[in-house]
Amino acid sequence: MTPYCYLKLHEAWTALASSSPTRSEREFQDILRRLELALDASQIGVWEHNLDQNEIAWDVQMHRLYQTGRESGPVPTAIWSNAIHPDDRERAEQEFEDAIARRGQYNSEFRIVWPGGEIRYIRSRAHFYVNEDGSPSFIGAEWDVTADVLLANEAARQRAVAEARALALEESSARIEYVAEHDYLTGLPNRRLFDKRLAELAEDASVSTLAVLHLDLDEFKQINDSHGHAAGDIVLRAAALRIEAAIPKAAMAARIGGDEFVILLVNFGGLTELNRMARDVQRRLKKKIRFGHEMLQSGASIGISWSADRSGSNLLAESDIALYQAKTSGRDRVEFFSQQLKDDLMGKRRLAEELKLALEQGDIIPFYQLQLDAHTREIVGIEALARWHHSERGTLSPGIFLKIADEFGLSSEIDALILRRVLADRLSWGQHATALPRISVNISGQRLYDPQLIDDLETLEIPEGALVFELVETIFLDDCDDELLQTVDRIKQMGIEIEIDDFGSGHASLIGLVRLRPARLKIDRQLVSEVDTSSEQRRVVKSIVEIGKALGVDIIAEGVETENHAVTLAKLGCHTLQGFALGHPLPASEIDSIFASKKATQAANLRR
């Protein structure tokens with residue numbers, strides 16, 4: 001919008017230009033005065049450039065704009081040229097030369113440098129005309145637009161900053177989304193992206209058939225144990241590359257955990273094609289992989305499920321069942337999901353539903369197995385073992401239902417229920433016992449990652465030293481995360497000790513032990529079964545005892561089936577023994593009787 005002062009200038013100039021000879025001198029002077037006032041108010045400088053004389057006439061405002069220190073009068077063109085910023089000078093002069101050549105309008109914007117070094121932005125406008133002497137000239141005006149330019153520059157800078165931030169946010173979001181949907185080691189899609197893609201294909205009308213090939217690397221555990229995790233990582237990366245190379249472009253390969261991979265196929269030619277592809281993948285995965293100076297070799301067991309109606313809701317579960325069959329049938333096999341396997345799956349689901357009902361009705365109860373001092377045979381601990389009081393099948397051991405509980409996310413509920421029952425039983429036993437030993441309670445990985453765990457434990461007001469949590473060895477690998485370690489530390493702060501169960505089954509490491517700092521290690525029963533007859537087993541057990549000594553950790557041996565076992569394990573340095581030779585798991589009432597009998601014996605001895 002033209003400022004008010006510009007309007008006044010325009011009005012005065014128009015009146016002057018249109019004045020007729022009949023106007024009085026007074027009117028004419030009035031018009032000139034109005035023109036001068038308008039120019040002064042607008043802070044616009046007026047100039048005239050006589051091209052023949054190459055001379056510039058500046059008014060007082062022009063001298064103010066350029067800080068010459070003069071009031072008026074002609075100036076050489078060098079005054080104007082030298083005042084222009086060096087970076088703008090050539091362009092500004094060229095634009096004036098172009099206007100001369102066209103004998104047209106001059107329109108330019110440039111920077112000038114004041115004598116004190118300050119930089120100002122100037123806008124210049126002029127028109128060509130021929131004066132009364134017939135000399136070609138330009139008459140124009142200039143004004144300071146520094147504030148406008150700086151404001152525009154700042155706005156542009158802010159826009160650039162905002163655009164850069166938006167771009168960075170977009171890139172960051174894209175990276176986060178990529179990381180959330182891809183495996184960090186192999187770069188393959190992970191379980192989340194696999195599930196998402198499977199759901200999309202199930203809704204795609206162009207898809208007629210779907211299939212899932214579920215792979216598990218054979219001998220991977222042995223490679224990890226023998227050569228370390230670095231070797232295992234090399235094998236996983238190589239497997240990912242080989243699987244991707246074997247599948248068509250429309251297919252997708254994903255790593256869904258550990259050494260498990262899945263291939264998602266669409267619109268395949270039939271079961272023969274699925275079998276051929278599975279065999280090709282197996283052939284590729286059998287090729288040796290170089291690791292340093294070693295050549296590693298793996299393989300794969302594969303379970304296949306497929307659907308002819310795009311239904312993909314059960315494909316992964318069904319392929320997992322087929323994979324289990326392939327592995328239990330001897331590994332390096334390909335198995336298709338069958339009706340029989342489906343019946344087995346349905347049987348598992350029925351059992352899971354029954355298990356949910358049993359949890360609601362309180363039919364999951366603890367049995368207790370005594371733990372004895374290896375030398376004195378005194379009771380030093382008790383392990384709580386989950387049992388299912390089934391209305392039709394009687395008392396069921398954990399081997400029948402705990403795997404189902406893990407698969408269907410019920411482990412945490414079982415852990416919580418058993419813990420409450422144990423505390424109630426302990427309170428009851430306190431009426432008939434002079435001192436109660438520690439009670440070991442199993443805790444699953446599911447339960448350890450439950451965000452409500454610590455709050456739940458605090459509400460139970462557990463006496464310090466009363467409980468021990470047994471962690472299965474597979475829970476703590478070298479890469480156990482900070483979240484788990486923080487949870488374990490909080491548990492310890494509550495006076496609950498930590499034990500490692502099934503130690504020696506092949507998953508633990510010294511690094512993991514040092515980080516977790518358990519109170520005890522429980523030797524896996526497989527290392528105890530022949531300890532009295534196998535020198536190799538004795539050496540292994542002795543090594544675990546030495547590890548315990550080095551770390552200040554007590555050793556418990558479970559699976560003690562005979563007296564020979566007990567004697568041998570005591571000689572090897574085990575602190576505590578547990579097994580059928582020393583006592584079978586018993587219900588809470590029978591444990592109460594043991595404590596009551598022991599208390600009565602102690603009282604009788606005191607009376608003697």
# chains A, B, ... in the order shown; residues from 1 in each chain; ligands from 1
>>> residues_around(residues="A:Phe337", least_positions_apart="6", cutoff="7 Å", atoms="only C-alpha atoms", output="list in words")
Ile304, Ser305, Glu318, Ser319 and Ala322 of chain A
>>> residues_around(residues="A:Pro463", least_positions_apart="3", cutoff="9 Å", atoms="only C-alpha atoms", output="PyMOL selection string")
chain A and resi 466-467+494-496
>>> write_last_selection(atoms="N, CA and C atoms", output="PDB file, in the first residue's frame")
ATOM      1  N   ALA A 466      12.651 -63.327  53.253  1.00  0.00           N
ATOM      2  CA  ALA A 466      11.684 -64.424  53.236  1.00  0.00           C
ATOM      3  C   ALA A 466      11.645 -65.139  51.897  1.00  0.00           C
ATOM      4  N   LEU A 467      11.870 -64.403  50.822  1.00  0.00           N
ATOM      5  CA  LEU A 467      11.681 -64.969  49.481  1.00  0.00           C
ATOM      6  C   LEU A 467      12.957 -64.901  48.651  1.00  0.00           C
ATOM      7  N   MET A 494      14.273 -54.700  47.938  1.00  0.00           N
ATOM      8  CA  MET A 494      13.129 -55.070  48.767  1.00  0.00           C
ATOM      9  C   MET A 494      13.439 -56.257  49.672  1.00  0.00           C
ATOM     10  N   GLY A 495      14.697 -56.727  49.649  1.00  0.00           N
ATOM     11  CA  GLY A 495      15.088 -57.848  50.500  1.00  0.00           C
ATOM     12  C   GLY A 495      14.793 -59.198  49.895  1.00  0.00           C
ATOM     13  N   ILE A 496      14.576 -59.257  48.593  1.00  0.00           N
ATOM     14  CA  ILE A 496      14.318 -60.523  47.893  1.00  0.00           C
ATOM     15  C   ILE A 496      15.588 -60.917  47.143  1.00  0.00           C
TER      16      ILE A 496
END
>>> closest_residue(among="A:Val514, A:Ala424, A:Ala550, A:Ala566", to="A:Glu530", atoms="only C-alpha atoms")
A:Ala566
>>> residues_around(residues="A:Gly257", least_positions_apart="3", cutoff="12 Å", atoms="only C-alpha atoms", output="list in words")
His182, Asp183, Tyr184, Leu185, Thr186, Leu188, Pro189, Asn190, Arg191, Arg192, Phe194, His214, Leu215, Asp216, Leu217, Leu236, Ala254, Glu260, Phe261 and Val262 of chain A
>>> write_last_selection(atoms="C-alpha atoms", output="CSV table (one decimal), in the first residue's frame")
chain,number,residue,atom,x,y,z
A,182,HIS,CA,13.4,-53.6,11.0
A,183,ASP,CA,15.9,-56.0,12.6
A,184,TYR,CA,19.0,-54.1,13.8
A,185,LEU,CA,21.4,-57.0,12.9
A,186,THR,CA,20.2,-58.2,9.5
A,188,LEU,CA,15.3,-57.5,7.4
A,189,PRO,CA,11.7,-56.5,8.4
A,190,ASN,CA,10.9,-57.6,12.0
A,191,ARG,CA,7.9,-59.2,13.5
A,192,ARG,CA,6.0,-55.9,13.7
A,194,PHE,CA,5.7,-58.8,9.1
A,214,HIS,CA,8.9,-70.5,9.1
A,215,LEU,CA,12.6,-71.2,9.4
A,216,ASP,CA,14.8,-72.0,12.4
A,217,LEU,CA,18.5,-72.3,11.9
A,236,LEU,CA,22.5,-64.6,11.0
A,254,ALA,CA,11.7,-61.2,8.0
A,260,GLU,CA,14.0,-67.6,13.5
A,261,PHE,CA,13.1,-66.2,10.0
A,262,VAL,CA,9.8,-66.2,8.1
>>> closest_atom_pairs(of="stretch 82-143 of chain A", to="stretch 62-72 of chain A", cutoff="10 Å", atoms="only C-alpha atoms", output="JSON lines")
{"residue": "A:Ala83", "atom": "CA", "partner": "A:Tyr66", "partner_atom": "CA", "distance": 7.3}
{"residue": "A:Ile84", "atom": "CA", "partner": "A:Tyr66", "partner_atom": "CA", "distance": 9.5}
{"residue": "A:Ile112", "atom": "CA", "partner": "A:Tyr66", "partner_atom": "CA", "distance": 7.6}
{"residue": "A:Val113", "atom": "CA", "partner": "A:Tyr66", "partner_atom": "CA", "distance": 8.1}
{"residue": "A:Trp114", "atom": "CA", "partner": "A:Gln67", "partner_atom": "CA", "distance": 6.2}
{"residue": "A:Pro115", "atom": "CA", "partner": "A:Gln67", "partner_atom": "CA", "distance": 7.1}
{"residue": "A:Gly116", "atom": "CA", "partner": "A:Gln67", "partner_atom": "CA", "distance": 9.2}
{"residue": "A:Arg120", "atom": "CA", "partner": "A:Leu65", "partner_atom": "CA", "distance": 8.9}
{"residue": "A:Ile122", "atom": "CA", "partner": "A:Leu65", "partner_atom": "CA", "distance": 8.5}
{"residue": "A:Ala141", "atom": "CA", "partner": "A:Met62", "partner_atom": "CA", "distance": 8.5}
{"residue": "A:Glu142", "atom": "CA", "partner": "A:Met62", "partner_atom": "CA", "distance": 7.4}
{"residue": "A:Trp143", "atom": "CA", "partner": "A:Leu65", "partner_atom": "CA", "distance": 7.4}
>>> closest_residue(among="A:Arg276, A:Leu453, A:Ser589, A:Gln339", to="A:His432", atoms="only C-alpha atoms")
A:Ser589
>>> closest_residue(among="A:Ala278, A:Leu551, A:Ile491, A:Ala384", to="A:Leu513", atoms="only C-alpha atoms")
A:Leu551
>>> atom_distance(atom1="atom CA of A:Glu590", atom2="atom CA of A:Ile414")
22.2 Å
>>> decode(residues="stretch 453-466 of chain A", atoms="all heavy atoms", output="PDB file, in the first residue's frame")
ATOM      1  N   LEU A 453       5.000 -54.838  38.187  1.00  0.00           N
ATOM      2  CA  LEU A 453       5.601 -55.819  39.099  1.00  0.00           C
ATOM      3  C   LEU A 453       6.034 -55.191  40.423  1.00  0.00           C
ATOM      4  O   LEU A 453       5.656 -55.672  41.502  1.00  0.00           O
ATOM      5  CB  LEU A 453       6.801 -56.495  38.422  1.00  0.00           C
ATOM      6  CG  LEU A 453       7.631 -57.421  39.318  1.00  0.00           C
ATOM      7  CD1 LEU A 453       6.773 -58.572  39.832  1.00  0.00           C
ATOM      8  CD2 LEU A 453       8.858 -57.930  38.586  1.00  0.00           C
ATOM      9  N   ILE A 454       6.833 -54.140  40.367  1.00  0.00           N
ATOM     10  CA  ILE A 454       7.372 -53.549  41.598  1.00  0.00           C
ATOM     11  C   ILE A 454       6.248 -53.029  42.490  1.00  0.00           C
ATOM     12  O   ILE A 454       6.251 -53.248  43.712  1.00  0.00           O
ATOM     13  CB  ILE A 454       8.373 -52.427  41.267  1.00  0.00           C
ATOM     14  CG1 ILE A 454       9.556 -52.993  40.452  1.00  0.00           C
ATOM     15  CG2 ILE A 454       8.867 -51.773  42.541  1.00  0.00           C
ATOM     16  CD1 ILE A 454      10.327 -54.089  41.145  1.00  0.00           C
ATOM     17  N   ASP A 455       5.268 -52.357  41.891  1.00  0.00           N
ATOM     18  CA  ASP A 455       4.134 -51.851  42.691  1.00  0.00           C
ATOM     19  C   ASP A 455       3.379 -53.001  43.352  1.00  0.00           C
ATOM     20  O   ASP A 455       2.979 -52.913  44.524  1.00  0.00           O
ATOM     21  CB  ASP A 455       3.180 -51.048  41.803  1.00  0.00           C
ATOM     22  CG  ASP A 455       3.790 -49.723  41.361  1.00  0.00           C
ATOM     23  OD1 ASP A 455       4.748 -49.276  42.023  1.00  0.00           O
ATOM     24  OD2 ASP A 455       3.317 -49.157  40.369  1.00  0.00           O
ATOM     25  N   ASP A 456       3.186 -54.086  42.592  1.00  0.00           N
ATOM     26  CA  ASP A 456       2.480 -55.243  43.147  1.00  0.00           C
ATOM     27  C   ASP A 456       3.255 -55.841  44.320  1.00  0.00           C
ATOM     28  O   ASP A 456       2.666 -56.215  45.348  1.00  0.00           O
ATOM     29  CB  ASP A 456       2.275 -56.310  42.062  1.00  0.00           C
ATOM     30  CG  ASP A 456       1.275 -55.867  40.998  1.00  0.00           C
ATOM     31  OD1 ASP A 456       0.564 -54.879  41.238  1.00  0.00           O
ATOM     32  OD2 ASP A 456       1.212 -56.505  39.942  1.00  0.00           O
ATOM     33  N   LEU A 457       4.571 -55.946  44.180  1.00  0.00           N
ATOM     34  CA  LEU A 457       5.391 -56.526  45.250  1.00  0.00           C
ATOM     35  C   LEU A 457       5.352 -55.656  46.496  1.00  0.00           C
ATOM     36  O   LEU A 457       5.309 -56.160  47.623  1.00  0.00           O
ATOM     37  CB  LEU A 457       6.837 -56.691  44.767  1.00  0.00           C
ATOM     38  CG  LEU A 457       7.078 -57.732  43.661  1.00  0.00           C
ATOM     39  CD1 LEU A 457       8.546 -57.743  43.255  1.00  0.00           C
ATOM     40  CD2 LEU A 457       6.633 -59.119  44.093  1.00  0.00           C
ATOM     41  N   GLU A 458       5.377 -54.339  46.304  1.00  0.00           N
ATOM     42  CA  GLU A 458       5.361 -53.442  47.461  1.00  0.00           C
ATOM     43  C   GLU A 458       4.060 -53.544  48.242  1.00  0.00           C
ATOM     44  O   GLU A 458       4.045 -53.431  49.474  1.00  0.00           O
ATOM     45  CB  GLU A 458       5.596 -52.007  46.989  1.00  0.00           C
ATOM     46  CG  GLU A 458       7.036 -51.757  46.538  1.00  0.00           C
ATOM     47  CD  GLU A 458       7.244 -50.360  45.992  1.00  0.00           C
ATOM     48  OE1 GLU A 458       6.223 -49.686  45.681  1.00  0.00           O
ATOM     49  OE2 GLU A 458       8.403 -49.932  45.857  1.00  0.00           O
ATOM     50  N   THR A 459       2.953 -53.794  47.551  1.00  0.00           N
ATOM     51  CA  THR A 459       1.668 -53.916  48.265  1.00  0.00           C
ATOM     52  C   THR A 459       1.598 -55.201  49.081  1.00  0.00           C
ATOM     53  O   THR A 459       0.806 -55.297  50.021  1.00  0.00           O
ATOM     54  CB  THR A 459       0.499 -53.895  47.263  1.00  0.00           C
ATOM     55  OG1 THR A 459       0.622 -54.990  46.341  1.00  0.00           O
ATOM     56  CG2 THR A 459       0.485 -52.586  46.479  1.00  0.00           C
ATOM     57  N   LEU A 460       2.435 -56.198  48.734  1.00  0.00           N
ATOM     58  CA  LEU A 460       2.398 -57.478  49.453  1.00  0.00           C
ATOM     59  C   LEU A 460       3.157 -57.428  50.782  1.00  0.00           C
ATOM     60  O   LEU A 460       3.018 -58.335  51.607  1.00  0.00           O
ATOM     61  CB  LEU A 460       2.991 -58.583  48.570  1.00  0.00           C
ATOM     62  CG  LEU A 460       2.191 -58.905  47.296  1.00  0.00           C
ATOM     63  CD1 LEU A 460       2.947 -59.927  46.448  1.00  0.00           C
ATOM     64  CD2 LEU A 460       0.807 -59.430  47.638  1.00  0.00           C
ATOM     65  N   GLU A 461       3.969 -56.399  50.989  1.00  0.00           N
ATOM     66  CA  GLU A 461       4.723 -56.241  52.241  1.00  0.00           C
ATOM     67  C   GLU A 461       5.488 -57.524  52.585  1.00  0.00           C
ATOM     68  O   GLU A 461       5.302 -58.150  53.624  1.00  0.00           O
ATOM     69  CB  GLU A 461       3.790 -55.852  53.383  1.00  0.00           C
ATOM     70  CG  GLU A 461       3.087 -54.519  53.166  1.00  0.00           C
ATOM     71  CD  GLU A 461       2.177 -54.136  54.316  1.00  0.00           C
ATOM     72  OE1 GLU A 461       2.029 -54.952  55.248  1.00  0.00           O
ATOM     73  OE2 GLU A 461       1.614 -53.031  54.302  1.00  0.00           O
ATOM     74  N   ILE A 462       6.360 -57.922  51.696  1.00  0.00           N
ATOM     75  CA  ILE A 462       7.127 -59.163  51.850  1.00  0.00           C
ATOM     76  C   ILE A 462       8.234 -58.963  52.888  1.00  0.00           C
ATOM     77  O   ILE A 462       9.041 -58.040  52.771  1.00  0.00           O
ATOM     78  CB  ILE A 462       7.730 -59.574  50.496  1.00  0.00           C
ATOM     79  CG1 ILE A 462       6.604 -59.770  49.461  1.00  0.00           C
ATOM     80  CG2 ILE A 462       8.580 -60.828  50.634  1.00  0.00           C
ATOM     81  CD1 ILE A 462       7.107 -59.921  48.053  1.00  0.00           C
ATOM     82  N   PRO A 463       8.329 -59.818  53.909  1.00  0.00           N
ATOM     83  CA  PRO A 463       9.401 -59.686  54.911  1.00  0.00           C
ATOM     84  C   PRO A 463      10.773 -59.845  54.263  1.00  0.00           C
ATOM     85  O   PRO A 463      10.954 -60.683  53.367  1.00  0.00           O
ATOM     86  CB  PRO A 463       9.124 -60.826  55.893  1.00  0.00           C
ATOM     87  CG  PRO A 463       7.686 -61.173  55.686  1.00  0.00           C
ATOM     88  CD  PRO A 463       7.399 -60.925  54.241  1.00  0.00           C
ATOM     89  N   GLU A 464      11.738 -59.083  54.721  1.00  0.00           N
ATOM     90  CA  GLU A 464      13.076 -59.160  54.150  1.00  0.00           C
ATOM     91  C   GLU A 464      13.683 -60.534  54.416  1.00  0.00           C
ATOM     92  O   GLU A 464      13.611 -61.061  55.523  1.00  0.00           O
ATOM     93  CB  GLU A 464      13.957 -58.076  54.760  1.00  0.00           C
ATOM     94  CG  GLU A 464      15.329 -58.003  54.121  1.00  0.00           C
ATOM     95  CD  GLU A 464      16.116 -56.786  54.558  1.00  0.00           C
ATOM     96  OE1 GLU A 464      15.528 -55.935  55.264  1.00  0.00           O
ATOM     97  OE2 GLU A 464      17.299 -56.696  54.185  1.00  0.00           O
ATOM     98  N   GLY A 465      14.271 -61.121  53.378  1.00  0.00           N
ATOM     99  CA  GLY A 465      14.911 -62.422  53.492  1.00  0.00           C
ATOM    100  C   GLY A 465      13.956 -63.598  53.421  1.00  0.00           C
ATOM    101  O   GLY A 465      14.385 -64.751  53.499  1.00  0.00           O
ATOM    102  N   ALA A 466      12.651 -63.327  53.253  1.00  0.00           N
ATOM    103  CA  ALA A 466      11.684 -64.424  53.236  1.00  0.00           C
ATOM    104  C   ALA A 466      11.645 -65.139  51.897  1.00  0.00           C
ATOM    105  O   ALA A 466      11.427 -66.353  51.846  1.00  0.00           O
ATOM    106  CB  ALA A 466      10.289 -63.891  53.576  1.00  0.00           C
TER     107      ALA A 466
END
